[in-house]
>>> print(open('entry11.txt').read())   # compact mmCIF, C-alpha atoms
# COMPACT_ATOMS: atom_id res chain seq x y z
CA MET A 1 -72.14 71.61 241.24
CA ASN A 2 -75.87 71.57 241.85
CA GLU A 3 -76.37 74.26 239.23
CA GLU A 4 -74.32 72.34 236.67
CA PHE A 5 -76.12 69.07 237.42
CA THR A 6 -79.50 70.80 237.06
CA ALA A 7 -78.43 72.22 233.69
CA LEU A 8 -77.41 68.73 232.53
CA GLN A 9 -80.78 67.34 233.53
CA ASN A 10 -82.68 70.18 231.85
CA GLN A 11 -80.79 69.47 228.62
CA ALA A 12 -81.75 65.76 228.83
CA THR A 13 -78.05 64.95 228.52
CA TRP A 14 -78.50 61.26 229.38
CA THR A 15 -80.93 58.54 230.31
CA LEU A 16 -80.26 56.00 233.06
CA VAL A 17 -80.10 52.42 231.78
CA PRO A 18 -78.73 49.13 233.12
CA ALA A 19 -75.04 48.64 232.40
CA PRO A 20 -74.72 47.10 228.92
CA LEU A 21 -72.81 43.91 228.21
CA ASN A 22 -69.68 44.08 226.04
CA LYS A 23 -69.89 47.89 225.87
CA PRO A 24 -67.23 50.23 227.32
CA VAL A 25 -68.42 52.50 230.12
CA LEU A 26 -66.56 55.78 230.53
CA GLY A 27 -65.83 57.41 233.85
CA CYS A 28 -66.43 61.08 234.69
CA LYS A 29 -65.22 63.66 237.16
CA TRP A 30 -65.90 67.19 238.35
CA THR A 31 -63.53 70.00 237.41
CA TYR A 32 -63.38 73.43 239.01
CA LYS A 33 -62.26 76.78 237.65
CA THR A 34 -62.11 80.33 238.95
CA LYS A 35 -63.25 82.87 236.34
CA LEU A 36 -61.45 86.20 236.56
CA LEU A 37 -62.33 89.66 235.24
CA PRO A 38 -59.77 91.66 233.20
CA SER A 39 -58.98 93.56 236.40
CA GLY A 40 -57.96 90.33 238.10
CA LYS A 41 -60.95 90.18 240.44
CA VAL A 42 -62.91 86.96 240.83
CA ASP A 43 -65.97 86.86 238.56
CA ARG A 44 -67.41 83.47 239.56
CA TYR A 45 -66.54 79.93 240.52
CA LYS A 46 -67.50 77.29 238.00
CA ALA A 47 -67.90 73.53 238.32
CA ARG A 48 -68.15 71.31 235.24
CA LEU A 49 -68.81 67.61 234.75
CA VAL A 50 -66.30 66.12 232.32
CA ALA A 51 -66.39 62.69 230.71
CA LEU A 52 -63.11 60.76 230.73
CA GLY A 53 -62.85 60.68 226.98
CA TYR A 54 -59.29 59.37 226.97
CA ASN A 55 -60.79 55.90 227.38
CA GLN A 56 -62.72 56.17 224.12
CA LYS A 57 -61.74 53.86 221.26
CA PHE A 58 -61.77 54.87 217.61
CA GLY A 59 -64.50 53.13 215.62
CA ILE A 60 -66.35 52.02 218.74
CA ASN A 61 -67.58 55.18 220.43
CA TYR A 62 -66.12 57.94 218.24
CA THR A 63 -64.97 58.55 214.66
CA GLU A 64 -64.37 62.13 213.44
CA THR A 65 -63.11 64.72 215.93
CA PHE A 66 -61.82 67.74 213.97
CA SER A 67 -63.47 71.10 214.65
CA PRO A 68 -62.12 74.44 213.30
CA VAL A 69 -61.53 77.47 215.52
CA ALA A 70 -60.91 81.10 214.62
CA LYS A 71 -57.41 82.07 213.51
CA MET A 72 -55.66 85.12 214.91
CA PRO A 73 -55.27 86.82 211.47
CA THR A 74 -59.02 86.42 210.94
CA ILE A 75 -59.74 88.09 214.28
CA ARG A 76 -57.46 90.99 213.41
CA LEU A 77 -59.01 91.37 209.98
CA LEU A 78 -62.55 91.37 211.39
CA LEU A 79 -61.63 94.05 213.94
CA THR A 80 -60.10 96.18 211.18
CA LEU A 81 -63.14 95.75 208.94
CA ALA A 82 -65.61 96.67 211.68
CA LEU A 83 -63.55 99.69 212.71
CA ASN A 84 -63.24 100.99 209.16
CA ARG A 85 -66.98 100.61 208.55
CA ARG A 86 -67.97 101.92 212.01
CA CYS A 87 -69.83 98.72 212.85
CA GLN A 88 -70.55 97.59 216.37
CA ILE A 89 -68.78 94.38 217.45
CA LEU A 90 -70.82 92.21 219.83
CA GLN A 91 -69.33 89.48 221.97
CA LEU A 92 -71.46 86.42 222.70
CA ASP A 93 -71.10 83.31 224.80
CA VAL A 94 -73.11 80.09 224.97
CA SER A 95 -73.66 78.37 228.30
CA ASN A 96 -72.93 74.62 228.26
CA ALA A 97 -72.29 74.82 224.52
CA PHE A 98 -71.28 71.20 224.02
CA LEU A 99 -74.58 70.01 225.49
CA HIS A 100 -76.35 71.39 222.42
CA GLY A 101 -74.53 69.01 220.11
CA ASP A 102 -76.35 65.83 219.12
CA LEU A 103 -74.52 62.57 219.79
CA PRO A 104 -74.99 59.84 217.12
CA ASP A 105 -72.66 57.32 218.84
CA ASP A 106 -73.66 54.92 221.62
CA ILE A 107 -71.68 56.14 224.62
CA TYR A 108 -72.19 55.01 228.21
CA MET A 109 -70.85 56.80 231.27
CA ARG A 110 -70.93 56.22 235.01
CA GLN A 111 -73.19 58.42 237.09
CA PRO A 112 -71.62 61.71 238.31
CA PRO A 113 -69.83 61.42 241.66
CA GLY A 114 -72.07 62.62 244.46
CA PHE A 115 -75.22 62.53 242.30
CA GLN A 116 -76.04 58.83 241.99
CA HIS A 117 -79.69 57.96 241.64
CA PRO A 118 -80.95 56.73 245.03
CA HIS A 119 -83.04 53.90 243.52
CA HIS A 120 -80.69 52.88 240.68
CA PRO A 121 -77.13 53.41 241.92
CA ASP A 122 -75.81 50.67 239.60
CA PHE A 123 -77.31 52.12 236.44
CA VAL A 124 -75.16 54.00 233.92
CA CYS A 125 -75.81 57.10 231.82
CA LYS A 126 -76.49 56.58 228.13
CA LEU A 127 -75.43 59.93 226.68
CA ARG A 128 -77.76 61.75 224.33
CA LYS A 129 -75.78 65.01 224.16
CA SER A 130 -72.08 65.60 223.59
CA LEU A 131 -70.67 66.11 227.06
CA TYR A 132 -67.44 67.98 227.78
CA GLY A 133 -64.46 65.66 227.62
CA LEU A 134 -65.70 63.50 224.76
CA LYS A 135 -63.39 63.43 221.76
CA GLN A 136 -66.18 64.29 219.32
CA ALA A 137 -67.85 66.96 221.49
CA PRO A 138 -66.32 70.06 219.80
CA ARG A 139 -67.13 68.72 216.35
CA GLN A 140 -70.76 67.93 217.22
CA TRP A 141 -71.28 71.40 218.71
CA PHE A 142 -69.70 73.13 215.70
CA GLN A 143 -71.90 71.16 213.31
CA LYS A 144 -75.02 71.98 215.34
CA LEU A 145 -74.27 75.72 215.42
CA THR A 146 -73.12 76.11 211.82
CA GLY A 147 -76.02 74.00 210.57
CA PHE A 148 -78.42 76.44 212.22
CA LEU A 149 -76.58 79.45 210.78
CA GLN A 150 -76.55 77.94 207.29
CA ALA A 151 -80.32 77.52 207.54
CA GLN A 152 -80.49 81.30 208.15
CA GLY A 153 -78.56 81.99 204.93
CA PHE A 154 -74.97 82.12 206.18
CA GLY A 155 -72.08 80.63 204.26
CA PHE A 156 -68.54 79.64 205.23
CA SER A 157 -65.61 81.90 204.42
CA ARG A 158 -63.29 80.21 201.94
CA SER A 159 -60.27 81.40 203.93
CA ASP A 160 -61.40 80.43 207.43
CA PRO A 161 -64.31 78.01 208.09
CA SER A 162 -64.79 79.50 211.56
CA LEU A 163 -66.02 82.73 209.93
CA LEU A 164 -69.58 82.65 208.57
CA ILE A 165 -70.90 85.43 206.37
CA LEU A 166 -74.39 86.55 205.43
CA ASN A 167 -74.54 88.73 202.30
CA LYS A 168 -78.09 89.32 201.17
CA ASP A 169 -80.07 92.40 200.07
CA ASN A 170 -77.23 94.78 201.01
CA ILE A 171 -77.11 93.21 204.48
CA GLN A 172 -73.72 91.92 205.60
CA ILE A 173 -73.29 90.07 208.90
CA TYR A 174 -70.15 88.32 210.09
CA ILE A 175 -69.99 85.69 212.84
CA LEU A 176 -66.61 84.49 214.09
CA ILE A 177 -66.64 81.30 216.16
CA TYR A 178 -64.09 80.14 218.71
CA VAL A 179 -65.70 77.10 220.38
CA ASP A 180 -68.42 78.75 222.51
CA ASP A 181 -67.29 82.37 222.11
CA PHE A 182 -68.55 84.47 219.17
CA LEU A 183 -67.94 87.85 217.63
CA VAL A 184 -70.82 89.33 215.64
CA THR A 185 -70.66 92.45 213.50
CA GLY A 186 -72.42 93.80 210.44
CA ASN A 187 -73.90 96.80 208.69
CA ASN A 188 -77.54 96.29 209.71
CA GLU A 189 -78.38 96.41 213.42
CA PRO A 190 -82.07 95.31 213.07
CA ALA A 191 -80.95 92.22 211.12
CA ILE A 192 -78.37 91.43 213.82
CA THR A 193 -81.04 91.81 216.50
CA ARG A 194 -83.32 89.37 214.68
CA LEU A 195 -80.44 86.92 214.33
CA LEU A 196 -79.68 87.09 218.06
CA THR A 197 -83.32 86.45 218.85
CA GLN A 198 -83.25 83.34 216.67
CA LEU A 199 -80.03 82.15 218.33
CA ARG A 200 -81.54 82.59 221.79
CA SER A 201 -84.49 80.42 220.77
CA GLN A 202 -82.10 77.54 220.02
CA PHE A 203 -79.16 77.99 222.41
CA ALA A 204 -78.48 79.33 225.91
CA LEU A 205 -76.99 82.53 224.53
CA LYS A 206 -75.39 85.18 226.73
CA GLN A 207 -74.79 88.58 225.17
CA LEU A 208 -71.74 90.16 226.80
CA GLY A 209 -72.19 93.52 225.08
CA ASP A 210 -69.51 95.27 223.02
CA ILE A 211 -66.26 93.36 222.62
CA SER A 212 -63.96 93.91 225.59
CA LEU A 213 -61.84 90.78 226.16
CA PHE A 214 -61.60 88.07 223.52
CA LEU A 215 -58.99 85.28 223.58
CA GLY A 216 -56.62 87.36 225.68
CA ILE A 217 -57.10 90.48 223.52
CA GLN A 218 -58.47 93.46 225.41
CA VAL A 219 -60.27 95.88 223.09
CA ILE A 220 -60.86 99.46 224.22
CA ARG A 221 -62.69 102.00 222.07
CA ILE A 222 -61.26 105.50 222.47
CA VAL A 223 -61.34 108.73 220.49
CA ASN A 224 -58.45 110.04 218.44
CA PRO A 225 -58.72 113.16 216.26
CA HIS A 226 -55.68 112.09 214.22
CA TYR A 227 -56.93 108.69 213.11
CA PRO A 228 -58.07 108.64 209.45
CA GLN A 229 -61.78 108.76 208.88
CA ALA A 230 -63.62 106.19 206.78
CA PRO A 231 -66.13 107.44 204.20
CA LEU A 232 -69.52 108.23 205.67
CA ARG A 233 -72.37 105.86 204.99
CA PRO A 234 -75.65 107.21 203.52
CA ASN A 235 -77.66 109.27 206.03
CA GLU A 236 -74.75 109.22 208.49
CA GLN A 237 -73.90 112.45 210.27
CA LYS A 238 -70.34 113.72 210.16
CA PRO A 239 -68.59 113.37 213.52
CA THR A 240 -67.33 116.47 215.31
CA GLY A 241 -63.68 116.09 214.38
CA LEU A 242 -63.20 112.90 216.39
CA SER A 243 -62.92 109.37 215.16
CA SER A 244 -62.73 106.03 216.90
CA ARG A 245 -59.86 103.64 216.99
CA ILE A 246 -59.26 100.36 218.76
CA GLN A 247 -56.47 99.86 221.24
CA LEU A 248 -55.41 96.29 221.89
CA CYS A 249 -53.66 94.97 224.95
CA ILE A 250 -52.28 91.48 224.32
CA GLU A 251 -50.87 89.54 227.25
CA ASP A 252 -48.00 87.10 226.64
CA LEU A 253 -48.00 87.74 222.89
CA PRO A 254 -44.90 85.61 222.11
CA VAL A 255 -46.65 82.62 223.67
CA ARG A 256 -50.09 83.18 222.21
CA CYS A 257 -48.97 84.06 218.67
CA ASN A 258 -45.89 81.81 218.55
CA ILE A 259 -43.63 84.70 217.55
CA SER A 260 -40.02 83.87 216.74
CA LEU A 261 -37.19 85.20 214.60
CA SER A 262 -35.95 82.64 212.11
CA ARG A 263 -32.32 82.40 210.97
CA GLY A 264 -31.50 85.18 208.57
CA ARG A 265 -34.56 87.26 209.50
CA THR A 266 -33.62 90.79 210.47
CA SER A 267 -37.08 92.12 211.18
CA PRO A 268 -39.91 90.84 213.37
CA SER A 269 -42.68 88.72 211.98
CA PRO A 270 -45.98 90.34 210.91
CA GLN A 271 -47.47 89.40 214.29
CA MET A 272 -44.67 91.28 216.04
CA ARG A 273 -45.06 94.32 213.76
CA PHE A 274 -48.73 94.30 214.79
CA ALA A 275 -47.49 95.62 218.15
CA SER A 276 -45.77 98.95 218.48
CA THR A 277 -44.04 98.44 221.82
CA CYS A 278 -43.10 95.42 223.89
CA ASN A 279 -42.35 95.46 227.58
CA ASN A 280 -42.22 92.20 229.53
CA HIS A 281 -44.54 90.53 227.01
CA LYS A 282 -47.26 93.17 227.48
CA ILE A 283 -47.98 94.95 224.23
CA LYS A 284 -50.18 97.96 223.65
CA THR A 285 -50.90 98.97 220.10
CA SER A 286 -52.40 102.23 218.99
CA LYS A 287 -53.70 100.94 215.69
CA LEU A 288 -53.82 97.83 213.56
CA SER A 289 -50.90 97.19 211.24
CA GLN A 290 -51.18 97.18 207.51
CA ASP A 291 -50.46 93.42 207.47
CA SER A 292 -54.15 92.75 208.05
>>> encode(input="entry11.txt", output="structure tokens")
Amino acid sequence: MNEEFTALQNQATWTLVPAPLNKPVLGCKWTYKTKLLPSGKVDRYKARLVALGYNQKFGINYTETFSPVAKMPTIRLLLTLALNRRCQILQLDVSNAFLHGDLPDDIYMRQPPGFQHPHHPDFVCKLRKSLYGLKQAPRQWFQKLTGFLQAQGFGFSRSDPSLLILNKDNIQIYILIYVDDFLVTGNNEPAITRLLTQLRSQFALKQLGDISLFLGIQVIRIVNPHYPQAPLRPNEQKPTGLSSRIQLCIEDLPVRCNISLSRGRTSPSPQMRFASTCNNHKIKTSKLSQDS
């Protein structure tokens, strides 16, 4: 809790002001979550301050709330593209992502429980950043992030606005956004490194390394001499008879992908064909289906 409160103060999330007249004041609370590793072991314990946004009123302290997130077909397509082109897939995370979003609305909130100012216990917080729990918080964060990426030359995919693409001077970089989790891949590693440096200068970016676990999808890179090889890029050495493939382990696929058999359908949906075997809702696939 102390670490979270310090992060909020460092971000200048609010300023203490006397309680306004005829203005709604939102409550807040602390939430707690145990972060687990793919193995099931405890990674860390996290506390987060959340505004009680269910008391917000449309037109008074919020207006637009929609924010796109990555679609499962887009994730599958990006994995297939990176695998075929032998591109590295990096997984990124932003700490306290919503705090980076600017807040144009006048929103007041009570001081966090247990952290009241000793000299002004009756003051309230006038929010300057979009705190977790606010209805407009995801939208403000998405606009902040995509606005920065557009300034670097990225453009939105016409099929999925959560996918941003840079295509300039034979450099192709793809960034897939799911709230505060990103996937980054492309054909030019120095350009990706420069991009990550620019992102770190603006946001509290954490680079998690190569993709391993993303939205319940565990990605493992293994070798398989029977998997078809993609054409070699210029100046690329021919591998010694081995190629890479991606193995996915998807937990609770029928729940996550909303798989069902409609009346009259005799074969599984494309999402089900994406898996080769199913045993107690745990699916392991040896390669991506042709549906992508």
>>> atom_distance(input="entry11.txt", atom1="CA of Val219 in chain A", atom2="CA of Ile165 in chain A")
22.4 Å
>>> atom_distance(input="entry11.txt", atom1="CA of Ser95 in chain A", atom2="CA of Arg200 in chain A")
11.1 Å
>>> atom_distance(input="entry11.txt", atom1="CA of Lys23 in chain A", atom2="CA of Gly133 in chain A")
18.7 Å
>>> axis_aligned_box(input="entry11.txt", around="range 192-206 of chain A", padding_each_side="3 Å", output="AutoDock Vina command-line options")
--center_x -79.9 --center_y 84.7 --center_z 220.3 --size_x 15.1 --size_y 20.3 --size_z 18.9
>>> closest_atom_pairs(input="entry11.txt", of="range 7-77 of chain A", to="range 170-188 of chain A", cutoff="10 Å", atoms="all atoms listed in the file", output="tab-separated table")
residue	atom	partner	partner_atom	distance
A:Ser67	CA	A:Val179	CA	8.6
A:Pro68	CA	A:Tyr178	CA	8.1
A:Val69	CA	A:Tyr178	CA	4.9
A:Ala70	CA	A:Tyr178	CA	5.3
A:Lys71	CA	A:Tyr178	CA	8.7
A:Thr74	CA	A:Leu176	CA	8.4
A:Ile75	CA	A:Leu176	CA	7.8
>>> write_last_selection(input="entry11.txt", atoms="C-alpha atoms", output="compact mmCIF listing (two decimals), in the frame of the given file")
# COMPACT_ATOMS: atom_id res chain seq x y z
CA SER A 67 -63.47 71.10 214.65
CA PRO A 68 -62.12 74.44 213.30
CA VAL A 69 -61.53 77.47 215.52
CA ALA A 70 -60.91 81.10 214.62
CA LYS A 71 -57.41 82.07 213.51
CA THR A 74 -59.02 86.42 210.94
CA ILE A 75 -59.74 88.09 214.28
>>> residues_around(input="entry11.txt", residues="range 10-16 of chain A", least_positions_apart="3", cutoff="6 Å", atoms="all atoms listed in the file", output="list in words")
Ala7, Phe123, Val124, Cys125, Lys126, Leu127, Arg128 and Lys129 of chain A
>>> closest_residue(input="entry11.txt", among="A:Leu103, A:Ala191, A:Leu83, A:Leu131", to="Thr63 in chain A", atoms="only C-alpha atoms")
A:Leu103
>>> closest_residue(input="entry11.txt", among="A:Lys46, A:Asp93, A:Leu213, A:Phe98", to="Thr34 in chain A", atoms="only C-alpha atoms")
A:Lys46
>>> closest_residue(input="entry11.txt", among="A:Leu199, A:Ile217, A:Leu134, A:Ala97", to="Tyr54 in chain A", atoms="all atoms listed in the file")
A:Leu134
>>> residues_near_point(input="entry11.txt", point="(-76.1, 74.9, 242.8)", cutoff="12 Å", atoms="only C-alpha atoms", output="VMD selection string")
chain A and resid 1 to 7 45 to 48
